[in-house]
Amino acid sequence: MLASFSVTGILLIVRQMGGLQTWELAVYDQLTRWQAPATATSRIVVVEITEADLRTQNSPILSDRVMAQTLATLQQHQPQVIGLDLFRDIPQEPGHDELVQALTAPNVVVINELADLDQQMVPAPPSVPPDRVGFNDFVLDSDNVVRRHWMYGFWGDRQFYAFSLQLALNYLADQNMELTILPDSLQIGDTSFPRLQPSSGGYQTLESAGHQTLVRYAPHDLFYRVTAAEITSGTVTPADLSDKVVVMTLTDILSVELPSVWIRDKVVLIGSTGASSKDFFVTPYTGHLNQSNNGQRLAGVLLHALLTRQILTTVLDQSALISFWSEWVEIVWIGLWSLVGGAIAWRFKHPAKLGVVVAIALSSLFGICWLSFSTAVWIPFVAPALALAITTGCIMAYSVFQATYYDLLTGLPNRTLFLQHVQKSLAKLPQQPTSTFLAILCLDINRFKVISEGYGHYVGDQLLMQTANRIQTCVPADCTLARVGGSEFALLLPHLKDQDGVDTIVNDIQSSLGQPILLNEQDLFITTSIGITIGSIEDSKLQADILLRDAHTAMYQAKALGKPRQFFANGMHNRAASRLQLESELRHGIEQQEFLLHYQPIISLTTGKITGFEALVRWQHPQQGVVFPGTFISVAEETGLIIPMGRWILAEACRQMQQWHQQFPQHPQLMIGVNLSSRQFTHNHLIEEIGQILEETQLDCHSLKLEITESMAMSDVEAAIEMLFRLKQMNLTLSIDDFGTGYSSLSYLHRFPTDILKVDRSFVSRMESGDEDNEIVKTIITLGHNLGMAVVAEGVENELQLAMLRELGCEYGQGYFFAKPMSAAKTTELLERSPQW
């Protein structure tokens, strides 16, 4: 609304100053050319004086005798009015007396030229009374185009009538249609001709002296030149040209026996159309007789024929004059399209869609203007079009500014603007007392992703907005709060004197956010992690992004430690840098295939023989040597690198097991176990990838065991059950790893289509120390058997543990007592020895 009102106001000022008038008049000209043909009875004949006529008379100027003969010839055919569109103020002998006599006829109207309303530039012949004299009524706009008709003027008590108006009034004299002069219009009979105002239509700086109207040009070839041959042969009759302005040459009038029907009761105009004549005018009209010689220029006599025709058709045929809206309606019209432009830009953000919709809107606007003009109503196009386009541009610029510096959801500053504020505050620190410092807080909503996915993104968005509102109520007005990430906010606290000020604000924030938040008719409780970094005068030359980075690092440290807040310490940055270095090296290691698999045997406690292996990944680091998975698996999980790494592990393990099956056909029961990460387990293409790997390696599906942790299965139970059933349909063996360390519910456990439970090594290692751990292992083994699952005990390290597990009925064991994880080559040697425990 603000943009629309502002743009409309500016455009109205520019329009009032005439800044848009040229463009509006150009549109007017185009609309004039495109309007549909309007038929009307033609009552006008033009006698043109051409170059050929002058050559026939052997004179560059017609003599008064020739003009007198022409008038006499025309009078024989009883015209209603004859208009002499030639200045004859200077006698052209011979025949001056004859012309003076001819001009005394009551139906002859002559023209004069006014320099001003009280001074004649070119007078009319003195023998013609004032009621049969009309002034040259063409009005040129600033671009020298004739669009207006000056019908009437006055000076004191003297009145002046236009040449075309005098012709029309003399034509209508027998019909008792009198002219009435009103302040804002002329009235002939019952027909009103409204006066053109300075701001009518597209005009704004119109010189509206006297009484003016707009010329409504005919868009078709109105003029038709009748030749002597056509007249004498009768191939063309006046009835055939009832809607045309007939044009005849002077020579034809004087030399041809003309049937009176061509002239009787008509308005006859006599004037020059010769190419050497200066009496030519530029008009919007495109279909006139002299177009080939003069482009859009029209001879004055033909233009007078159009003006006279317009008056007569308006009075006698009720043809519409071009009308206008009032100024206040035009202002509303412009403002409306400005609002449309703003609404379009606000609704459509995509540039292509926005461009299409703006083009449709502009086309609709032009269509409305064209339809209106076809009904003789001229409404502005340029001003509303500019209003629409400029407002659209303003809203787009505002949207770009908002997207660049503000968060669209919360309306808070974004990271870019926040860093600018921090940089300004740092620059001001040297000007403050030495004890002054600033603090940056980085706050994140814990488990926000779980809330957003569990309750829906709408609830997540509402939570972010309410969190922002609560934080703002807890901080002073000179602080800057920004949203710098998905669920992360940053807070700038300038002008601090001591750390107590920071602690107080942090306490207030965490106390406020600790209260339940009502969303979707439910109370939500959230916790936050806050990282804090301090900027002092010594840090005034630091970059703002370094301080924000430090606050982020402290926040992540608070999350890792499970603390509500954490101040930044230098060691944190080193750890963060080390983690980024590890991530970079991990990506490089995957690309360079620096990983290998070790295999730890799984032993049947019944037979003491090897029944399979668990594949365990190792990283052969170029500088650090062999790196164990505890160092890099968590980073691979967080960054998503676990997906390509996990696929390679699965493919390599299946390939190796298939090789052992071929090498040791006496061990067809050998099975390979592969651990799935949480990201792999929820990966959309896991099923397809496993199927493709089994097909590529030719490994029997029964020889592949997939292991998932207890916590993975319980994070989303229904989704886990669905995925496990899909894997089970592939005839794979499924195992729950590290059982007893998670939070399994027995009501869900029996729904898992798993084959094996693996007892976590922490319980097995303490079996000797007391009855409690021994009972836990016994309970897990019993539970597995009751659910129809075999049990594998991890971490078997001595013979006593092995004996106890055998006594409890555990089927399988795994641990250092049997063998440590080893390379594929050493595992091959182990299979060749075929040991038994």
# chains A, B, ... in the order shown; residues from 1 in each chain; ligands from 1
>>> residues_around(residues="Val459 of chain A", least_positions_apart="4", cutoff="7 Å", atoms="only C-alpha atoms", output="list in words")
Ser452, Tyr455, Leu463, Leu519 and Asn520 of chain A
>>> write_last_selection(atoms="N, CA, C and O atoms", output="PDB file, in the first residue's frame")
ATOM      1  N   SER A 452       9.738 -30.349  14.429  1.00  0.00           N
ATOM      2  CA  SER A 452       9.210 -29.929  13.128  1.00  0.00           C
ATOM      3  C   SER A 452       8.681 -31.113  12.339  1.00  0.00           C
ATOM      4  O   SER A 452       7.617 -31.035  11.716  1.00  0.00           O
ATOM      5  N   TYR A 455       5.442 -32.635  14.444  1.00  0.00           N
ATOM      6  CA  TYR A 455       4.219 -31.831  14.471  1.00  0.00           C
ATOM      7  C   TYR A 455       3.926 -31.129  13.151  1.00  0.00           C
ATOM      8  O   TYR A 455       2.859 -30.555  12.984  1.00  0.00           O
ATOM      9  N   LEU A 463       6.800 -22.109  16.123  1.00  0.00           N
ATOM     10  CA  LEU A 463       7.717 -22.204  17.263  1.00  0.00           C
ATOM     11  C   LEU A 463       8.867 -21.212  17.109  1.00  0.00           C
ATOM     12  O   LEU A 463       9.262 -20.543  18.070  1.00  0.00           O
ATOM     13  N   LEU A 519       1.137 -24.438  21.125  1.00  0.00           N
ATOM     14  CA  LEU A 519       1.078 -24.527  19.669  1.00  0.00           C
ATOM     15  C   LEU A 519       0.200 -25.697  19.278  1.00  0.00           C
ATOM     16  O   LEU A 519       0.349 -26.799  19.822  1.00  0.00           O
ATOM     17  N   ASN A 520      -0.699 -25.448  18.328  1.00  0.00           N
ATOM     18  CA  ASN A 520      -1.566 -26.515  17.832  1.00  0.00           C
ATOM     19  C   ASN A 520      -2.341 -27.175  18.971  1.00  0.00           C
ATOM     20  O   ASN A 520      -2.502 -28.391  19.015  1.00  0.00           O
TER      21      ASN A 520
END
>>> select_by_dssp(residues="segment 164-368 of chain A", states="strand (DSSP E)", output="VMD selection string")
chain A and resid 179 to 182 185 to 188 191 to 194 211 to 214 223 to 225 245 to 249 267 to 272 280 to 282 297 to 299 323 to 324
>>> atom_distance(atom1="atom CA of Tyr224 of chain A", atom2="atom CA of Val46 of chain A")
9.7 Å
>>> closest_residue(among="A:Ile253, A:Met767, A:Ala105, A:Val627", to="Asp53 of chain A", atoms="only C-alpha atoms")
A:Ile253
>>> residues_around(residues="segment 267-271 of chain A", least_positions_apart="5", cutoff="7 Å", atoms="only C-alpha atoms", output="number ranges by chain")
A: 43-49, 79-86, 301
>>> write_last_selection(atoms="all heavy atoms", output="CSV table (one decimal), in the first residue's frame")
chain,number,residue,atom,x,y,z
A,43,ARG,N,-22.0,14.2,-46.2
A,43,ARG,CA,-22.7,15.3,-46.7
A,43,ARG,C,-21.7,16.3,-47.3
A,43,ARG,O,-22.1,17.5,-47.5
A,43,ARG,CB,-23.5,16.0,-45.6
A,43,ARG,CG,-24.5,15.1,-44.9
A,43,ARG,CD,-25.1,15.7,-43.6
A,43,ARG,NE,-26.1,14.8,-43.1
A,43,ARG,CZ,-25.8,13.9,-42.2
A,43,ARG,NH1,-24.6,13.6,-41.8
A,43,ARG,NH2,-26.8,13.1,-41.7
A,44,ILE,N,-20.5,15.9,-47.6
A,44,ILE,CA,-19.5,16.8,-47.9
A,44,ILE,C,-18.8,16.4,-49.3
A,44,ILE,O,-18.6,15.2,-49.5
A,44,ILE,CB,-18.4,16.9,-46.8
A,44,ILE,CG1,-19.0,17.4,-45.5
A,44,ILE,CG2,-17.2,17.8,-47.2
A,44,ILE,CD1,-18.1,17.3,-44.3
A,45,VAL,N,-18.5,17.4,-50.1
A,45,VAL,CA,-17.8,17.2,-51.3
A,45,VAL,C,-16.6,18.2,-51.3
A,45,VAL,O,-16.8,19.4,-50.9
A,45,VAL,CB,-18.6,17.5,-52.6
A,45,VAL,CG1,-17.8,17.4,-53.9
A,45,VAL,CG2,-19.8,16.5,-52.7
A,46,VAL,N,-15.4,17.7,-51.7
A,46,VAL,CA,-14.2,18.6,-51.7
A,46,VAL,C,-13.8,18.8,-53.1
A,46,VAL,O,-13.7,17.8,-53.9
A,46,VAL,CB,-13.1,17.9,-50.9
A,46,VAL,CG1,-11.8,18.7,-51.1
A,46,VAL,CG2,-13.4,17.8,-49.4
A,47,VAL,N,-13.7,20.1,-53.5
A,47,VAL,CA,-13.1,20.4,-54.8
A,47,VAL,C,-11.7,20.8,-54.6
A,47,VAL,O,-11.4,21.8,-53.9
A,47,VAL,CB,-13.9,21.6,-55.4
A,47,VAL,CG1,-13.2,22.0,-56.7
A,47,VAL,CG2,-15.3,21.3,-55.6
A,48,GLU,N,-10.8,19.9,-55.0
A,48,GLU,CA,-9.4,20.1,-54.7
A,48,GLU,C,-8.7,20.8,-55.9
A,48,GLU,O,-9.0,20.6,-57.1
A,48,GLU,CB,-8.6,18.8,-54.5
A,48,GLU,CG,-8.7,17.8,-55.6
A,48,GLU,CD,-7.9,16.6,-55.3
A,48,GLU,OE1,-7.1,16.6,-54.4
A,48,GLU,OE2,-8.0,15.6,-56.1
A,49,ILE,N,-7.8,21.7,-55.6
A,49,ILE,CA,-7.0,22.4,-56.6
A,49,ILE,C,-5.6,21.7,-56.5
A,49,ILE,O,-4.8,21.9,-55.6
A,49,ILE,CB,-6.8,23.9,-56.2
A,49,ILE,CG1,-8.2,24.5,-56.2
A,49,ILE,CG2,-6.0,24.6,-57.3
A,49,ILE,CD1,-8.2,25.9,-55.7
A,79,PRO,N,-25.9,23.7,-54.0
A,79,PRO,CA,-25.3,23.2,-52.8
A,79,PRO,C,-25.9,23.9,-51.6
A,79,PRO,O,-26.3,25.0,-51.7
A,79,PRO,CB,-23.8,23.5,-52.9
A,79,PRO,CG,-23.8,24.7,-53.8
A,79,PRO,CD,-24.9,24.5,-54.8
A,80,GLN,N,-25.8,23.3,-50.4
A,80,GLN,CA,-26.3,23.9,-49.2
A,80,GLN,C,-25.4,25.0,-48.7
A,80,GLN,O,-25.8,26.1,-48.4
A,80,GLN,CB,-26.5,22.8,-48.1
A,80,GLN,CG,-27.2,23.4,-46.9
A,80,GLN,CD,-28.7,23.5,-47.0
A,80,GLN,OE1,-29.2,23.1,-48.1
A,80,GLN,NE2,-29.4,24.0,-46.0
A,81,VAL,N,-24.1,24.7,-48.8
A,81,VAL,CA,-23.0,25.6,-48.3
A,81,VAL,C,-21.8,25.4,-49.2
A,81,VAL,O,-21.5,24.3,-49.6
A,81,VAL,CB,-22.6,25.4,-46.8
A,81,VAL,CG1,-21.6,26.5,-46.4
A,81,VAL,CG2,-23.9,25.4,-45.9
A,82,ILE,N,-21.1,26.5,-49.5
A,82,ILE,CA,-19.9,26.4,-50.2
A,82,ILE,C,-18.8,27.1,-49.3
A,82,ILE,O,-19.0,28.2,-48.8
A,82,ILE,CB,-19.9,27.2,-51.5
A,82,ILE,CG1,-20.9,26.5,-52.5
A,82,ILE,CG2,-18.5,27.2,-52.2
A,82,ILE,CD1,-21.0,27.2,-53.8
A,83,GLY,N,-17.8,26.4,-49.0
A,83,GLY,CA,-16.7,26.9,-48.1
A,83,GLY,C,-15.4,27.1,-48.9
A,83,GLY,O,-14.9,26.2,-49.6
A,84,LEU,N,-15.0,28.4,-49.0
A,84,LEU,CA,-13.8,28.7,-49.7
A,84,LEU,C,-12.6,28.7,-48.8
A,84,LEU,O,-12.3,29.6,-48.0
A,84,LEU,CB,-14.0,30.1,-50.3
A,84,LEU,CG,-12.8,30.6,-51.3
A,84,LEU,CD1,-12.8,29.6,-52.5
A,84,LEU,CD2,-13.1,32.0,-51.8
A,85,ASP,N,-11.9,27.5,-48.8
A,85,ASP,CA,-10.8,27.3,-48.0
A,85,ASP,C,-9.5,27.8,-48.6
A,85,ASP,O,-8.5,27.1,-48.7
A,85,ASP,CB,-10.6,25.8,-47.7
A,85,ASP,CG,-9.7,25.5,-46.5
A,85,ASP,OD1,-9.3,26.5,-45.8
A,85,ASP,OD2,-9.5,24.3,-46.2
A,86,LEU,N,-9.6,29.1,-49.0
A,86,LEU,CA,-8.4,29.8,-49.6
A,86,LEU,C,-8.4,31.2,-49.2
A,86,LEU,O,-9.5,31.8,-49.0
A,86,LEU,CB,-8.5,29.8,-51.2
A,86,LEU,CG,-8.5,28.4,-51.9
A,86,LEU,CD1,-8.9,28.5,-53.3
A,86,LEU,CD2,-7.1,27.8,-51.8
A,301,VAL,N,-7.7,21.5,-46.6
A,301,VAL,CA,-9.1,21.4,-47.0
A,301,VAL,C,-9.7,20.1,-46.6
A,301,VAL,O,-10.9,20.0,-46.3
A,301,VAL,CB,-9.2,21.7,-48.5
A,301,VAL,CG1,-8.5,20.6,-49.3
A,301,VAL,CG2,-10.7,21.8,-49.0
>>> residues_around(residues="Phe763 of chain A", least_positions_apart="2", cutoff="10 Å", atoms="only C-alpha atoms", output="short mmCIF file (atom, residue, chain, number, x, y, z; two decimals) with N, CA, C and O atoms, in the first residue's frame")
data_model
loop_
_atom_site.label_atom_id
_atom_site.label_comp_id
_atom_site.auth_asym_id
_atom_site.auth_seq_id
_atom_site.Cartn_x
_atom_site.Cartn_y
_atom_site.Cartn_z
N ASP A 738 24.35 -54.54 19.95
CA ASP A 738 24.50 -53.84 21.23
C ASP A 738 23.22 -53.89 22.06
O ASP A 738 22.85 -52.90 22.71
N PHE A 739 22.54 -55.03 22.04
CA PHE A 739 21.27 -55.12 22.76
C PHE A 739 21.52 -54.97 24.26
O PHE A 739 22.46 -55.52 24.83
N GLY A 740 20.63 -54.21 24.92
CA GLY A 740 20.72 -53.97 26.35
C GLY A 740 21.21 -52.59 26.70
O GLY A 740 21.09 -52.16 27.84
N THR A 741 21.74 -51.86 25.68
CA THR A 741 22.27 -50.52 25.95
C THR A 741 21.29 -49.43 25.54
O THR A 741 21.51 -48.26 25.83
N VAL A 759 24.44 -59.54 22.39
CA VAL A 759 24.59 -59.02 23.74
C VAL A 759 25.78 -58.08 23.76
O VAL A 759 26.88 -58.44 23.31
N ASP A 760 25.59 -56.88 24.28
CA ASP A 760 26.66 -55.88 24.26
C ASP A 760 27.83 -56.36 25.12
O ASP A 760 27.67 -57.00 26.16
N ARG A 761 29.08 -56.01 24.68
CA ARG A 761 30.29 -56.45 25.34
C ARG A 761 30.39 -55.96 26.78
O ARG A 761 31.07 -56.58 27.61
N SER A 765 31.68 -58.63 29.56
CA SER A 765 32.97 -58.42 30.23
C SER A 765 32.84 -58.44 31.74
O SER A 765 33.84 -58.67 32.45
N ARG A 766 31.63 -58.22 32.29
CA ARG A 766 31.45 -58.18 33.75
C ARG A 766 30.76 -59.42 34.30
O ARG A 766 30.32 -59.43 35.44
N MET A 767 30.63 -60.44 33.46
CA MET A 767 29.93 -61.66 33.91
C MET A 767 30.61 -62.31 35.11
O MET A 767 29.96 -62.87 36.00
N GLU A 768 31.96 -62.22 35.16
CA GLU A 768 32.70 -62.88 36.24
C GLU A 768 32.63 -62.12 37.54
O GLU A 768 32.90 -62.68 38.60
N GLU A 772 24.76 -60.07 39.32
CA GLU A 772 23.85 -59.13 38.67
C GLU A 772 24.05 -59.11 37.16
O GLU A 772 23.11 -59.26 36.39
N ASP A 773 25.31 -58.93 36.71
CA ASP A 773 25.59 -58.90 35.28
C ASP A 773 25.36 -60.26 34.65
O ASP A 773 24.93 -60.35 33.50
N ASN A 774 25.67 -61.31 35.40
CA ASN A 774 25.42 -62.66 34.89
C ASN A 774 23.94 -62.86 34.64
O ASN A 774 23.53 -63.46 33.62
N GLU A 775 23.09 -62.34 35.53
CA GLU A 775 21.65 -62.46 35.36
C GLU A 775 21.15 -61.65 34.18
O GLU A 775 20.21 -62.04 33.48
N ILE A 776 21.78 -60.50 33.96
CA ILE A 776 21.37 -59.68 32.80
C ILE A 776 21.62 -60.44 31.51
O ILE A 776 20.76 -60.50 30.63
N VAL A 777 22.82 -61.03 31.40
CA VAL A 777 23.14 -61.79 30.18
C VAL A 777 22.18 -62.97 30.04
O VAL A 777 21.68 -63.26 28.95
N ALA A 793 27.12 -63.34 21.68
CA ALA A 793 27.72 -62.59 22.78
C ALA A 793 28.98 -61.90 22.26
O ALA A 793 29.89 -62.56 21.74
N GLU A 794 29.04 -60.56 22.42
CA GLU A 794 30.20 -59.80 21.99
C GLU A 794 31.18 -59.65 23.14
O GLU A 794 30.80 -59.67 24.31
N GLY A 795 32.48 -59.49 22.80
CA GLY A 795 33.49 -59.17 23.81
C GLY A 795 33.92 -60.35 24.65
O GLY A 795 34.30 -60.16 25.82
#
>>> atom_distance(atom1="atom CA of Thr639 of chain A", atom2="atom CA of Arg655 of chain A")
26.8 Å
>>> select_by_dssp(residues="segment 91-265 of chain A", states="helix (DSSP H, G or I)", output="ChimeraX atom specification")
/A:96-102,130-132,163-171,173-175,228-233,238-241,250-255,260-262
>>> residues_around(residues="segment 28-30 of chain A", least_positions_apart="3", cutoff="10 Å", atoms="only C-alpha atoms", output="JSON, numbers by chain")
{"A": [22, 23, 24, 25, 33, 34, 35, 145, 147, 201, 202, 217, 283, 284, 285, 286, 369, 370, 373, 378, 379, 380, 381]}
>>> closest_residue(among="A:Gln510, A:Asn731, A:Met396, A:Pro194", to="Gly341 of chain A", atoms="only C-alpha atoms")
A:Met396
>>> closest_residue(among="A:Glu488, A:Glu207, A:Asp89, A:Asp550", to="Thr533 of chain A", atoms="only C-alpha atoms")
A:Asp550
>>> atom_distance(atom1="atom CA of Tyr599 of chain A", atom2="atom CA of Gly809 of chain A")
25.1 Å
>>> closest_residue(among="A:Leu250, A:Val475, A:Ala713, A:Cys701", to="Gly501 of chain A", atoms="only C-alpha atoms")
A:Val475
>>> residues_around(residues="Lys559 of chain A", least_positions_apart="2", cutoff="10 Å", atoms="only C-alpha atoms", output="list in words")
Asp444, Asn446, Thr528, Ser529, Ile530, Gly531, Thr553, Ala554, Met555, Tyr556, Gln557, Leu561, Gly562, Lys563, Pro564, Arg565 and Gln566 of chain A
>>> write_last_selection(atoms="all heavy atoms", output="short mmCIF file (atom, residue, chain, number, x, y, z; two decimals), in the first residue's frame")
data_model
loop_
_atom_site.label_atom_id
_atom_site.label_comp_id
_atom_site.auth_asym_id
_atom_site.auth_seq_id
_atom_site.Cartn_x
_atom_site.Cartn_y
_atom_site.Cartn_z
N ASP A 444 20.47 -22.06 19.98
CA ASP A 444 19.84 -23.06 19.11
C ASP A 444 18.80 -23.82 19.90
O ASP A 444 19.00 -24.14 21.08
CB ASP A 444 20.89 -24.01 18.54
CG ASP A 444 20.29 -24.96 17.52
OD1 ASP A 444 19.51 -24.49 16.67
OD2 ASP A 444 20.57 -26.17 17.58
N ASN A 446 17.12 -27.04 20.87
CA ASN A 446 17.47 -28.46 20.85
C ASN A 446 16.33 -29.31 20.29
O ASN A 446 15.16 -29.04 20.56
CB ASN A 446 17.84 -28.94 22.25
CG ASN A 446 19.06 -28.22 22.80
OD1 ASN A 446 19.97 -27.89 22.05
ND2 ASN A 446 19.08 -27.98 24.11
N THR A 528 17.26 -25.07 25.16
CA THR A 528 18.16 -24.38 24.23
C THR A 528 19.60 -24.56 24.68
O THR A 528 19.88 -24.82 25.86
CB THR A 528 17.83 -22.87 24.17
OG1 THR A 528 17.94 -22.32 25.49
CG2 THR A 528 16.44 -22.65 23.61
N SER A 529 20.49 -24.42 23.71
CA SER A 529 21.93 -24.38 23.98
C SER A 529 22.44 -23.01 23.54
O SER A 529 22.16 -22.59 22.41
CB SER A 529 22.66 -25.49 23.23
OG SER A 529 22.19 -26.76 23.63
N ILE A 530 23.17 -22.35 24.41
CA ILE A 530 23.64 -20.99 24.13
C ILE A 530 25.15 -20.95 24.21
O ILE A 530 25.75 -21.39 25.20
CB ILE A 530 23.04 -19.97 25.12
CG1 ILE A 530 21.50 -19.98 25.02
CG2 ILE A 530 23.57 -18.57 24.83
CD1 ILE A 530 20.82 -19.02 25.98
N GLY A 531 25.76 -20.44 23.13
CA GLY A 531 27.20 -20.20 23.12
C GLY A 531 27.45 -18.71 23.23
O GLY A 531 26.74 -17.90 22.61
N THR A 553 30.83 -21.96 17.86
CA THR A 553 31.65 -23.05 18.40
C THR A 553 31.30 -23.33 19.85
O THR A 553 31.16 -24.50 20.26
CB THR A 553 33.14 -22.67 18.29
OG1 THR A 553 33.47 -22.40 16.91
CG2 THR A 553 34.03 -23.79 18.80
N ALA A 554 31.13 -22.28 20.63
CA ALA A 554 30.75 -22.45 22.04
C ALA A 554 29.37 -23.10 22.16
O ALA A 554 29.13 -23.94 23.04
CB ALA A 554 30.76 -21.10 22.75
N MET A 555 28.46 -22.74 21.25
CA MET A 555 27.12 -23.34 21.29
C MET A 555 27.19 -24.85 21.01
O MET A 555 26.55 -25.66 21.70
CB MET A 555 26.23 -22.66 20.26
CG MET A 555 24.80 -23.18 20.22
SD MET A 555 23.92 -22.64 18.74
CE MET A 555 24.71 -23.64 17.49
N TYR A 556 27.98 -25.23 20.00
CA TYR A 556 28.10 -26.66 19.70
C TYR A 556 28.77 -27.40 20.85
O TYR A 556 28.44 -28.57 21.13
CB TYR A 556 28.91 -26.85 18.41
CG TYR A 556 28.18 -26.40 17.17
CD1 TYR A 556 28.80 -25.56 16.24
CD2 TYR A 556 26.87 -26.79 16.93
CE1 TYR A 556 28.13 -25.13 15.11
CE2 TYR A 556 26.20 -26.38 15.81
CZ TYR A 556 26.83 -25.55 14.90
OH TYR A 556 26.15 -25.13 13.79
N GLN A 557 29.69 -26.74 21.53
CA GLN A 557 30.31 -27.37 22.69
C GLN A 557 29.29 -27.57 23.80
O GLN A 557 29.28 -28.60 24.49
CB GLN A 557 31.48 -26.50 23.19
CG GLN A 557 32.26 -27.09 24.34
CD GLN A 557 33.06 -28.32 23.94
OE1 GLN A 557 33.21 -28.59 22.75
NE2 GLN A 557 33.56 -29.06 24.90
N LEU A 561 28.22 -31.16 25.44
CA LEU A 561 28.34 -31.42 26.88
C LEU A 561 26.99 -31.50 27.58
O LEU A 561 26.94 -31.77 28.78
CB LEU A 561 29.20 -30.33 27.53
CG LEU A 561 30.65 -30.21 27.01
CD1 LEU A 561 31.35 -29.03 27.66
CD2 LEU A 561 31.40 -31.51 27.28
N GLY A 562 25.92 -31.20 26.85
CA GLY A 562 24.60 -31.21 27.46
C GLY A 562 24.39 -30.06 28.43
O GLY A 562 23.57 -30.16 29.35
N LYS A 563 25.09 -28.96 28.22
CA LYS A 563 24.98 -27.80 29.10
C LYS A 563 24.08 -26.74 28.47
O LYS A 563 24.03 -26.62 27.24
CB LYS A 563 26.37 -27.22 29.36
CG LYS A 563 27.31 -28.17 30.07
CD LYS A 563 28.74 -27.66 30.07
CE LYS A 563 28.89 -26.34 30.77
NZ LYS A 563 30.30 -25.90 30.83
N PRO A 564 23.39 -25.94 29.28
CA PRO A 564 22.52 -24.90 28.70
C PRO A 564 23.28 -23.73 28.12
O PRO A 564 22.78 -23.03 27.25
CB PRO A 564 21.66 -24.46 29.88
CG PRO A 564 22.48 -24.77 31.09
CD PRO A 564 23.26 -26.01 30.75
N ARG A 565 24.53 -23.49 28.60
CA ARG A 565 25.31 -22.35 28.09
C ARG A 565 26.80 -22.70 28.16
O ARG A 565 27.22 -23.56 28.93
CB ARG A 565 25.02 -21.10 28.89
CG ARG A 565 25.63 -21.10 30.27
CD ARG A 565 25.22 -19.91 31.10
NE ARG A 565 23.82 -19.96 31.48
CZ ARG A 565 23.24 -19.10 32.31
NH1 ARG A 565 23.93 -18.10 32.81
NH2 ARG A 565 21.97 -19.22 32.61
N GLN A 566 27.55 -22.01 27.33
CA GLN A 566 28.99 -22.24 27.33
C GLN A 566 29.69 -21.00 26.80
O GLN A 566 29.35 -20.51 25.71
CB GLN A 566 29.34 -23.45 26.43
CG GLN A 566 30.81 -23.74 26.31
CD GLN A 566 31.40 -24.25 27.61
OE1 GLN A 566 30.89 -25.19 28.21
NE2 GLN A 566 32.48 -23.61 28.07
#
>>> closest_residue(among="A:Val377, A:Leu99, A:Val506, A:Val27", to="Ser326 of chain A", atoms="only C-alpha atoms")
A:Val377
>>> residues_around(residues="segment 607-623 of chain A", least_positions_apart="4", cutoff="8 Å", atoms="only C-alpha atoms", output="ChimeraX atom specification")
/A:589,594-603,627-629,649,653,669-675,821,834-837
>>> closest_residue(among="A:Pro494, A:Gly514, A:Gly625, A:Pro433", to="Ile534 of chain A", atoms="only C-alpha atoms")
A:Pro494
